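Chemist: Structure: data_33.cif, mmCIF, C-alpha atoms and all ligand atoms.
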```cif
data_structure
loop_
_atom_site.group_PDB
_atom_site.id
_atom_site.type_symbol
_atom_site.label_atom_id
_atom_site.label_comp_id
_atom_site.auth_asym_id
_atom_site.auth_seq_id
_atom_site.Cartn_x
_atom_site.Cartn_y
_atom_site.Cartn_z
ATOM 1 C CA MET A 1 27.148 -52.247 28.388
ATOM 2 C CA THR A 2 23.743 -53.499 29.500
ATOM 3 C CA LEU A 3 22.681 -56.661 27.750
ATOM 4 C CA GLU A 4 19.002 -56.305 26.852
ATOM 5 C CA ALA A 5 16.488 -58.978 27.818
ATOM 6 C CA PRO A 6 15.648 -61.255 24.882
ATOM 7 C CA SER A 7 12.397 -60.473 23.053
ATOM 8 C CA ALA A 8 9.350 -62.545 24.025
ATOM 9 C CA SER A 9 9.620 -64.636 20.865
ATOM 10 C CA THR A 10 13.370 -65.247 21.312
ATOM 11 C CA TYR A 11 12.751 -66.168 24.944
ATOM 12 C CA THR A 12 10.061 -68.675 23.941
ATOM 13 C CA ALA A 13 12.335 -70.163 21.272
ATOM 14 C CA LEU A 14 15.201 -70.354 23.751
ATOM 15 C CA LEU A 15 13.052 -72.180 26.318
ATOM 16 C CA ALA A 16 12.130 -74.759 23.680
ATOM 17 C CA LEU A 17 15.808 -75.209 22.720
ATOM 18 C CA VAL A 18 16.837 -75.603 26.346
ATOM 19 C CA ALA A 19 14.023 -78.104 27.076
ATOM 20 C CA GLN A 20 15.057 -80.143 24.027
ATOM 21 C CA THR A 21 18.705 -80.035 25.109
ATOM 22 C CA ARG A 22 17.777 -81.253 28.600
ATOM 23 C CA ALA A 23 15.845 -84.127 27.018
ATOM 24 C CA LEU A 24 18.928 -84.868 24.893
ATOM 25 C CA MET A 25 21.156 -84.902 27.987
ATOM 26 C CA ASP A 26 18.776 -87.318 29.734
ATOM 27 C CA ALA A 27 18.747 -89.513 26.625
ATOM 28 C CA VAL A 28 22.563 -89.524 26.458
ATOM 29 C CA VAL A 29 22.854 -90.640 30.080
ATOM 30 C CA ALA A 30 20.409 -93.500 29.541
ATOM 31 C CA THR A 31 21.128 -94.573 25.955
ATOM 32 C CA GLY A 32 21.822 -98.150 25.045
ATOM 33 C CA ALA A 33 22.390 -97.356 21.347
ATOM 34 C CA ASP A 34 25.153 -99.237 19.517
ATOM 35 C CA ASP A 35 28.450 -97.596 18.523
ATOM 36 C CA GLU A 36 27.362 -96.847 14.917
ATOM 37 C CA GLU A 37 24.252 -95.051 16.088
ATOM 38 C CA ILE A 38 26.203 -93.149 18.755
ATOM 39 C CA ALA A 39 28.732 -92.019 16.129
ATOM 40 C CA ALA A 40 25.967 -90.908 13.744
ATOM 41 C CA VAL A 41 24.191 -88.899 16.435
ATOM 42 C CA THR A 42 27.507 -87.363 17.505
ATOM 43 C CA GLU A 43 28.092 -86.102 13.944
ATOM 44 C CA GLU A 44 24.639 -84.507 13.820
ATOM 45 C CA LEU A 45 25.246 -82.868 17.179
ATOM 46 C CA ARG A 46 28.604 -81.516 16.009
ATOM 47 C CA ALA A 47 26.854 -79.706 13.152
ATOM 48 C CA LEU A 48 24.160 -78.304 15.462
ATOM 49 C CA THR A 49 26.778 -77.128 17.941
ATOM 50 C CA GLU A 50 28.619 -75.238 15.211
ATOM 51 C CA ARG A 51 25.398 -73.458 14.154
ATOM 52 C CA LEU A 52 24.683 -72.207 17.673
ATOM 53 C CA ASP A 53 28.298 -71.382 18.401
ATOM 54 C CA ALA A 54 28.468 -69.165 15.309
ATOM 55 C CA VAL A 55 26.432 -66.498 17.140
ATOM 56 C CA ARG A 56 27.640 -65.838 20.688
ATOM 57 C CA ARG A 57 26.394 -63.248 23.185
ATOM 58 C CA PRO A 58 28.542 -61.650 25.909
ATOM 59 C CA PRO A 59 27.969 -62.794 29.515
ATOM 60 C CA ALA A 60 25.441 -60.750 31.523
ATOM 61 C CA GLU A 61 26.518 -58.613 34.490
ATOM 62 C CA VAL A 62 24.915 -58.769 37.971
ATOM 63 C CA GLY A 63 21.488 -57.128 37.969
ATOM 64 C CA GLU A 64 21.095 -57.028 34.160
ATOM 65 C CA PRO A 65 17.850 -58.498 32.773
ATOM 66 C CA ARG A 66 19.611 -61.697 31.689
ATOM 67 C CA TRP A 67 21.884 -62.071 34.719
ATOM 68 C CA LEU A 68 20.391 -65.328 36.038
ATOM 69 C CA MET A 69 19.483 -66.850 32.661
ATOM 70 C CA GLY A 70 22.789 -68.716 32.474
ATOM 71 C CA ASN A 71 22.718 -69.752 36.135
ATOM 72 C CA ALA A 72 23.508 -73.424 36.788
ATOM 73 C CA VAL A 73 20.557 -73.827 39.195
ATOM 74 C CA VAL A 74 17.746 -71.570 37.942
ATOM 75 C CA GLY A 75 18.930 -70.495 34.489
ATOM 76 C CA ALA A 76 16.190 -70.580 31.870
ATOM 77 C CA ALA A 77 18.926 -70.592 29.214
ATOM 78 C CA ASN A 78 21.102 -73.202 30.898
ATOM 79 C CA PRO A 79 20.359 -76.837 29.989
ATOM 80 C CA PHE A 80 22.559 -77.978 32.880
ATOM 81 C CA ALA A 81 20.166 -76.274 35.360
ATOM 82 C CA PRO A 82 17.574 -78.780 36.669
ATOM 83 C CA PRO A 83 15.984 -76.022 36.567
ATOM 84 C CA ILE A 84 14.787 -75.049 40.045
ATOM 85 C CA GLU A 85 11.783 -72.711 40.311
ATOM 86 C CA ILE A 86 11.961 -70.691 43.507
ATOM 87 C CA GLU A 87 8.911 -69.476 45.380
ATOM 88 C CA TYR A 88 9.209 -66.532 47.807
ATOM 89 C CA LEU A 89 7.292 -67.366 50.989
ATOM 90 C CA PRO A 90 5.038 -64.705 52.558
ATOM 91 C CA GLY A 91 6.699 -64.980 55.978
ATOM 92 C CA GLY A 92 10.221 -64.733 54.501
ATOM 93 C CA GLY A 93 12.311 -67.583 53.217
ATOM 94 C CA VAL A 94 12.189 -69.442 49.934
ATOM 95 C CA ARG A 95 10.935 -72.816 48.738
ATOM 96 C CA ALA A 96 11.525 -74.978 45.684
ATOM 97 C CA GLU A 97 10.024 -78.333 44.742
ATOM 98 C CA GLN A 98 12.097 -80.453 42.407
ATOM 99 C CA VAL A 99 12.131 -83.866 40.793
ATOM 100 C CA PHE A 100 15.761 -84.787 40.144
ATOM 101 C CA ARG A 101 16.636 -86.943 37.152
ATOM 102 C CA PRO A 102 19.226 -89.633 36.347
ATOM 103 C CA LEU A 103 21.326 -86.764 34.958
ATOM 104 C CA HIS A 104 21.927 -85.772 38.600
ATOM 105 C CA GLU A 105 23.081 -89.206 39.706
ATOM 106 C CA GLY A 106 25.841 -89.726 42.257
ATOM 107 C CA PRO A 107 25.687 -93.141 43.897
ATOM 108 C CA PRO A 108 23.647 -95.425 41.598
ATOM 109 C CA GLY A 109 19.968 -94.485 41.854
ATOM 110 C CA LEU A 110 20.593 -91.478 44.121
ATOM 111 C CA VAL A 111 21.247 -87.764 43.659
ATOM 112 C CA HIS A 112 24.883 -86.603 43.761
ATOM 113 C CA GLY A 113 25.800 -84.820 47.005
ATOM 114 C CA GLY A 114 27.386 -82.006 45.019
ATOM 115 C CA VAL A 115 24.103 -81.409 43.191
ATOM 116 C CA SER A 116 22.281 -81.131 46.540
ATOM 117 C CA ALA A 117 24.952 -78.688 47.727
ATOM 118 C CA MET A 118 24.662 -76.644 44.529
ATOM 119 C CA VAL A 119 20.894 -76.349 44.830
ATOM 120 C CA LEU A 120 20.981 -75.500 48.542
ATOM 121 C CA ASP A 121 23.826 -72.993 48.031
ATOM 122 C CA HIS A 122 21.665 -71.169 45.534
ATOM 123 C CA LEU A 123 18.582 -71.321 47.731
ATOM 124 C CA LEU A 124 20.472 -69.917 50.731
ATOM 125 C CA GLY A 125 21.837 -67.114 48.532
ATOM 126 C CA THR A 126 18.361 -66.350 47.231
ATOM 127 C CA ALA A 127 16.919 -66.252 50.769
ATOM 128 C CA LEU A 128 19.561 -63.656 51.634
ATOM 129 C CA GLY A 129 18.967 -61.719 48.407
ATOM 130 C CA ALA A 130 15.263 -61.597 49.287
ATOM 131 C CA VAL A 131 16.081 -59.627 52.442
ATOM 132 C CA GLY A 132 18.595 -57.345 50.704
ATOM 133 C CA ARG A 133 21.657 -59.267 51.966
ATOM 134 C CA GLY A 134 22.867 -60.691 48.637
ATOM 135 C CA GLY A 135 26.448 -61.947 48.554
ATOM 136 C CA LEU A 136 28.887 -64.640 47.527
ATOM 137 C CA THR A 137 29.228 -67.931 49.361
ATOM 138 C CA ALA A 138 32.226 -67.826 51.700
ATOM 139 C CA SER A 139 31.518 -71.146 53.376
ATOM 140 C CA LEU A 140 28.888 -73.831 53.030
ATOM 141 C CA THR A 141 28.398 -76.666 55.516
ATOM 142 C CA MET A 142 26.388 -79.688 54.417
ATOM 143 C CA THR A 143 24.938 -82.452 56.577
ATOM 144 C CA TYR A 144 23.701 -85.459 54.605
ATOM 145 C CA ARG A 145 21.186 -87.373 56.732
ATOM 146 C CA ALA A 146 19.558 -89.641 54.131
ATOM 147 C CA PRO A 147 20.003 -90.248 50.390
ATOM 148 C CA VAL A 148 18.145 -87.897 48.022
ATOM 149 C CA PRO A 149 16.100 -89.902 45.499
ATOM 150 C CA PHE A 150 15.479 -88.974 41.888
ATOM 151 C CA GLY A 151 12.171 -89.408 40.066
ATOM 152 C CA THR A 152 10.127 -88.280 43.066
ATOM 153 C CA PRO A 153 9.480 -84.766 44.454
ATOM 154 C CA VAL A 154 11.899 -83.251 46.940
ATOM 155 C CA VAL A 155 11.179 -79.959 48.728
ATOM 156 C CA ALA A 156 13.996 -77.489 49.463
ATOM 157 C CA THR A 157 13.564 -74.503 51.761
ATOM 158 C CA ALA A 158 15.907 -71.821 53.089
ATOM 159 C CA GLU A 159 15.803 -68.711 55.223
ATOM 160 C CA TYR A 160 17.949 -65.817 56.409
ATOM 161 C CA THR A 161 19.171 -66.225 59.983
ATOM 162 C CA ARG A 162 21.477 -63.303 60.917
ATOM 163 C CA SER A 163 24.049 -60.704 59.812
ATOM 164 C CA GLU A 164 27.230 -59.103 61.124
ATOM 165 C CA GLY A 165 28.414 -56.254 58.904
ATOM 166 C CA ARG A 166 28.902 -57.630 55.363
ATOM 167 C CA LYS A 167 28.547 -61.227 56.597
ATOM 168 C CA SER A 168 25.172 -62.975 56.561
ATOM 169 C CA TRP A 169 24.091 -66.504 57.361
ATOM 170 C CA ALA A 170 21.254 -68.637 56.047
ATOM 171 C CA ASP A 171 19.988 -72.142 56.784
ATOM 172 C CA GLY A 172 18.303 -74.560 54.417
ATOM 173 C CA ARG A 173 17.332 -78.156 53.947
ATOM 174 C CA MET A 174 15.933 -80.701 51.487
ATOM 175 C CA ALA A 175 13.121 -82.956 52.614
ATOM 176 C CA LEU A 176 10.604 -85.427 51.282
ATOM 177 C CA PRO A 177 7.072 -84.023 50.943
ATOM 178 C CA ASP A 178 6.173 -85.745 54.264
ATOM 179 C CA GLY A 179 8.803 -83.592 56.015
ATOM 180 C CA THR A 180 11.556 -86.217 56.353
ATOM 181 C CA VAL A 181 14.784 -84.188 56.237
ATOM 182 C CA LEU A 182 17.418 -85.563 53.849
ATOM 183 C CA VAL A 183 20.069 -82.825 53.698
ATOM 184 C CA GLU A 184 20.750 -79.704 55.776
ATOM 185 C CA ALA A 185 22.909 -76.724 54.847
ATOM 186 C CA THR A 186 24.155 -73.628 56.567
ATOM 187 C CA GLY A 187 26.074 -70.953 54.716
ATOM 188 C CA LEU A 188 28.043 -67.786 55.299
ATOM 189 C CA PHE A 189 27.699 -65.258 52.503
ATOM 190 C CA ILE A 190 29.703 -62.043 52.196
ATOM 191 C CA THR A 191 28.487 -58.962 50.355
ATOM 192 C CA PRO A 192 31.485 -57.794 48.285
ATOM 193 C CA SER A 193 32.077 -54.046 48.020
ATOM 194 C CA TRP A 194 31.205 -54.101 44.295
ATOM 195 C CA PHE A 195 27.733 -55.636 44.826
ATOM 196 C CA PRO A 196 24.669 -53.505 44.002
ATOM 197 C CA GLY A 197 22.837 -52.407 47.170
ATOM 198 C CA GLU A 198 19.641 -54.336 46.415
ATOM 199 C CA LEU A 199 19.262 -57.405 44.230
HETATM 200 C C1 LIG A 201 16.667 -61.770 44.835
HETATM 201 C C2 LIG A 201 17.555 -62.490 43.830
HETATM 202 C C3 LIG A 201 18.675 -63.154 44.515
HETATM 203 C C4 LIG A 201 19.469 -64.006 43.560
HETATM 204 C C5 LIG A 201 20.538 -64.630 44.319
HETATM 205 C C6 LIG A 201 21.420 -65.524 43.557
HETATM 206 C C7 LIG A 201 21.981 -66.515 44.523
HETATM 207 C C8 LIG A 201 23.287 -67.026 44.086
HETATM 208 C C9 LIG A 201 23.801 -67.957 45.120
HETATM 209 C C10 LIG A 201 25.038 -68.637 44.636
HETATM 210 C C11 LIG A 201 26.180 -68.187 45.469
HETATM 211 C C12 LIG A 201 27.481 -68.672 44.923
HETATM 212 O O1 LIG A 201 27.638 -69.780 44.529
HETATM 213 S S1 LIG A 201 28.720 -67.566 44.913
HETATM 214 C C13 LIG A 201 30.071 -68.363 44.124
HETATM 215 C C14 LIG A 201 30.988 -69.092 45.088
HETATM 216 N N1 LIG A 201 31.679 -68.162 45.959
HETATM 217 C C15 LIG A 201 32.713 -67.406 45.522
HETATM 218 O O2 LIG A 201 33.116 -67.467 44.370
HETATM 219 C C16 LIG A 201 33.318 -66.480 46.517
HETATM 220 C C17 LIG A 201 34.818 -66.397 46.381
HETATM 221 N N2 LIG A 201 35.343 -65.591 47.476
HETATM 222 C C18 LIG A 201 35.354 -64.237 47.388
HETATM 223 O O3 LIG A 201 35.038 -63.634 46.353
HETATM 224 C C19 LIG A 201 35.762 -63.501 48.608
HETATM 225 O O4 LIG A 201 36.599 -64.328 49.419
HETATM 226 C C20 LIG A 201 34.551 -63.008 49.420
HETATM 227 C C21 LIG A 201 33.708 -62.025 48.587
HETATM 228 C C22 LIG A 201 33.663 -64.174 49.880
HETATM 229 C C23 LIG A 201 35.081 -62.294 50.661
HETATM 230 O O5 LIG A 201 36.064 -61.358 50.245
HETATM 231 P P1 LIG A 201 36.169 -59.943 50.934
HETATM 232 O O6 LIG A 201 34.947 -59.150 50.698
HETATM 233 O O7 LIG A 201 37.478 -59.359 50.451
HETATM 234 O O8 LIG A 201 36.213 -60.338 52.435
HETATM 235 P P2 LIG A 201 37.218 -59.861 53.559
HETATM 236 O O9 LIG A 201 37.236 -58.353 53.566
HETATM 237 O O10 LIG A 201 38.508 -60.587 53.457
HETATM 238 O O11 LIG A 201 36.472 -60.424 54.847
HETATM 239 C C24 LIG A 201 35.271 -59.849 55.327
HETATM 240 C C25 LIG A 201 34.903 -60.621 56.588
HETATM 241 O O12 LIG A 201 34.520 -61.954 56.230
HETATM 242 C C26 LIG A 201 35.390 -62.920 56.841
HETATM 243 N N3 LIG A 201 35.617 -63.987 55.869
HETATM 244 C C27 LIG A 201 36.036 -63.857 54.589
HETATM 245 N N4 LIG A 201 36.061 -65.049 53.953
HETATM 246 C C28 LIG A 201 35.638 -65.963 54.876
HETATM 247 C C29 LIG A 201 35.448 -67.369 54.828
HETATM 248 N N5 LIG A 201 35.650 -68.089 53.712
HETATM 249 N N6 LIG A 201 34.982 -67.971 55.947
HETATM 250 C C30 LIG A 201 34.753 -67.275 57.086
HETATM 251 N N7 LIG A 201 34.907 -65.918 57.168
HETATM 252 C C31 LIG A 201 35.364 -65.277 56.098
HETATM 253 C C32 LIG A 201 36.656 -62.125 57.180
HETATM 254 O O13 LIG A 201 37.333 -62.731 58.264
HETATM 255 C C33 LIG A 201 36.066 -60.778 57.564
HETATM 256 O O14 LIG A 201 35.490 -60.875 58.848
HETATM 257 P P3 LIG A 201 35.486 -59.659 59.887
HETATM 258 O O15 LIG A 201 36.918 -59.284 60.087
HETATM 259 O O16 LIG A 201 34.692 -58.547 59.188
HETATM 260 O O17 LIG A 201 34.795 -60.208 61.084
#
```
Do you think you could lay out the structure here as structure tokens?
Modeler:
Amino acid sequence: MTLEAPSASTYTALLALVAQTRALMDAVVATGADDEEIAAVTEELRALTERLDAVRRPPAEVGEPRWLMGNAVVGAANPFAPPIEIEYLPGGGVRAEQVFRPLHEGPPGLVHGGVSAMVLDHLLGTALGAVGRGGLTASLTMTYRAPVPFGTPVVATAEYTRSEGRKSWADGRMALPDGTVLVEATGLFITPSWFPGEL
């Protein structure tokens, strides 16, 4: 069953809910509230959670209008997503500029290496999808050259490199706006037999 795209008004309402939830998550990470206040807020959140949970939708299938809305990197409906906005470059390849937040912390004051890997994994996959070589990550190799800061822009780029049968490779990196490379990634993606021909 194809899950229809949400109406424009539902989409707008959903974006507002997700933005508010992201702000909540940031506030939770940073709060210095006392235990009484934390308990009171927790009770209010429990009630809100029950209201939303009362109406659930089924998960979207690959290629359906909503299929990336729940995605952990770019999902408009996913508060966990930073979210990353991906730009398709005219000469091939993809680019995303992102300011990470304390929510993405690994070592104190720095972005978690797993978050960098998650973002670059997605960017590599998108670069392959852009050339009709969409697939699932079979292996991902990360090289961390310098810490990724939060609170300041970081630029991620990725591009298709080559294919052999159902296997395709892509390279990517995260850098400061001045070009200083912080993290590099190379990934092997495999197009499973059940994948649609073009994504
Ligand atoms: C525009 C919008 C875009 C939008 C794009 C959205 C981007 C999303 C990006 C996010 C990507 C993800 O996170 S994906 C989620 C994380 N990844 C996964 O969950 C994948 C889990 N693994 C699997 O499902 C499977 O293992 C597959 C599909 C990867 C491969 O299974 P398969 O298809 O049965 O492969 P199989 O026949 O065994 O092998 C095919 C060939 O690949 C090789 N091979 C298989 N696995 C590996 C491996 N790990 N490392 C090396 N090589 C391997 C085999 O030796 C063989 O080589 P030869 O004999 O042919 O030489």
Chemist: From the options A:Thr191, A:Ser116, A:Asn71, A:Gln98, which residue's atoms come nearest to A:Lys167, counting only C-alpha atoms?
Modeler: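 The closest residue to A:Lys167 is A:Thr191.
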Chemist: Can you tell me which residues come within 8 Å of ligand LIG 201 (chain A) when counting only C-alpha atoms and all ligand atoms, ideally as an MDAnalysis selection string?
Modeler: chainID A and resid 68 118 121:132 134:139 164:167 188:193 199
Chemist: Give as an MDAnalysis selection string the residues that the PyMOL selection byres (((chain A and resi 19-27) around 8) and not hetatm) matches when applied to the coordinates above.
Modeler: chainID A and resid 15:18 28:31 79:80 101:103
Chemist: For A:Pro82, which residue out of A:Ala5, A:Val119, A:Ala60, A:Val94 is the nearest one, using all atoms listed in the file?
Modeler: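 Nearest candidate to A:Pro82 out of A:Ala5, A:Val119, A:Ala60, A:Val94: A:Val119.
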Chemist: One decimal, in Å: what's the spacing between atom CA of A:Val62 and atom CA of A:Phe195?
Modeler: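 Atom-to-atom, atom CA of A:Val62 and atom CA of A:Phe195 are spaced 8.0 Å apart.
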Chemist: List the residues matched by the PyMOL selection byres (((chain A and resi 183) around 12) and not hetatm) in the displayed structure as a PDB file with C-alpha atoms, keeping the file's coordinate frame, ordered by chain and then by residue number.
Modeler:
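Saved as result_11.pdb:
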```
ATOM      1  CA  VAL A 111      21.247 -87.764  43.659  1.00  0.00           C
ATOM      2  CA  HIS A 112      24.883 -86.603  43.761  1.00  0.00           C
ATOM      3  CA  GLY A 113      25.800 -84.820  47.005  1.00  0.00           C
ATOM      4  CA  GLY A 114      27.386 -82.006  45.019  1.00  0.00           C
ATOM      5  CA  VAL A 115      24.103 -81.409  43.191  1.00  0.00           C
ATOM      6  CA  SER A 116      22.281 -81.131  46.540  1.00  0.00           C
ATOM      7  CA  ALA A 117      24.952 -78.688  47.727  1.00  0.00           C
ATOM      8  CA  MET A 118      24.662 -76.644  44.529  1.00  0.00           C
ATOM      9  CA  VAL A 119      20.894 -76.349  44.830  1.00  0.00           C
ATOM     10  CA  LEU A 120      20.981 -75.500  48.542  1.00  0.00           C
ATOM     11  CA  ASP A 121      23.826 -72.993  48.031  1.00  0.00           C
ATOM     12  CA  THR A 141      28.398 -76.666  55.516  1.00  0.00           C
ATOM     13  CA  MET A 142      26.388 -79.688  54.417  1.00  0.00           C
ATOM     14  CA  THR A 143      24.938 -82.452  56.577  1.00  0.00           C
ATOM     15  CA  TYR A 144      23.701 -85.459  54.605  1.00  0.00           C
ATOM     16  CA  ARG A 145      21.186 -87.373  56.732  1.00  0.00           C
ATOM     17  CA  ALA A 146      19.558 -89.641  54.131  1.00  0.00           C
ATOM     18  CA  PRO A 147      20.003 -90.248  50.390  1.00  0.00           C
ATOM     19  CA  VAL A 148      18.145 -87.897  48.022  1.00  0.00           C
ATOM     20  CA  PRO A 149      16.100 -89.902  45.499  1.00  0.00           C
ATOM     21  CA  VAL A 154      11.899 -83.251  46.940  1.00  0.00           C
ATOM     22  CA  VAL A 155      11.179 -79.959  48.728  1.00  0.00           C
ATOM     23  CA  ALA A 156      13.996 -77.489  49.463  1.00  0.00           C
ATOM     24  CA  THR A 157      13.564 -74.503  51.761  1.00  0.00           C
ATOM     25  CA  ALA A 158      15.907 -71.821  53.089  1.00  0.00           C
ATOM     26  CA  ASP A 171      19.988 -72.142  56.784  1.00  0.00           C
ATOM     27  CA  GLY A 172      18.303 -74.560  54.417  1.00  0.00           C
ATOM     28  CA  ARG A 173      17.332 -78.156  53.947  1.00  0.00           C
ATOM     29  CA  MET A 174      15.933 -80.701  51.487  1.00  0.00           C
ATOM     30  CA  ALA A 175      13.121 -82.956  52.614  1.00  0.00           C
ATOM     31  CA  LEU A 176      10.604 -85.427  51.282  1.00  0.00           C
ATOM     32  CA  GLY A 179       8.803 -83.592  56.015  1.00  0.00           C
ATOM     33  CA  THR A 180      11.556 -86.217  56.353  1.00  0.00           C
ATOM     34  CA  VAL A 181      14.784 -84.188  56.237  1.00  0.00           C
ATOM     35  CA  LEU A 182      17.418 -85.563  53.849  1.00  0.00           C
ATOM     36  CA  GLU A 184      20.750 -79.704  55.776  1.00  0.00           C
ATOM     37  CA  ALA A 185      22.909 -76.724  54.847  1.00  0.00           C
ATOM     38  CA  THR A 186      24.155 -73.628  56.567  1.00  0.00           C
TER      39      THR A 186
END
```
Chemist: What separation in Å, quoted to one decimal, exists between atom CA of A:Phe100 and atom CA of A:Gly151?
Modeler: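 Between atom CA of A:Phe100 and atom CA of A:Gly151 the gap is 5.9 Å.
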Chemist: Atom CA of A:Pro83 and atom CA of A:Gly70 are how many Å apart?
Modeler: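 Atom-to-atom, atom CA of A:Pro83 to atom CA of A:Gly70, that is 10.8 Å.
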Chemist: Using all atoms listed in the file, can you list as a list of chain:residue names the residues within 9 Å of (23.6, -62.9, 28.6)?
Modeler: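 Using all atoms listed in the file, the matching residues come out as A:Leu3, A:Glu4, A:Ala5, A:Pro6, A:Arg57, A:Pro58, A:Pro59, A:Ala60, A:Glu61, A:Glu64, A:Pro65, A:Arg66, A:Trp67, A:Leu68, A:Met69, A:Gly70.
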Chemist: Which residue, A:Thr152, A:Ser9, A:Ser168, A:Thr161, has the smallest gap to A:Arg133 when you use all atoms listed in the file?
Modeler: A:Ser168
Chemist: Nearest residue to A:Pro108 out of A:Leu89, A:Arg46, A:Phe150, A:Gly75, using all atoms listed in the file?
Modeler: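 Of the candidates, the smallest distance to A:Pro108 is held by A:Phe150.
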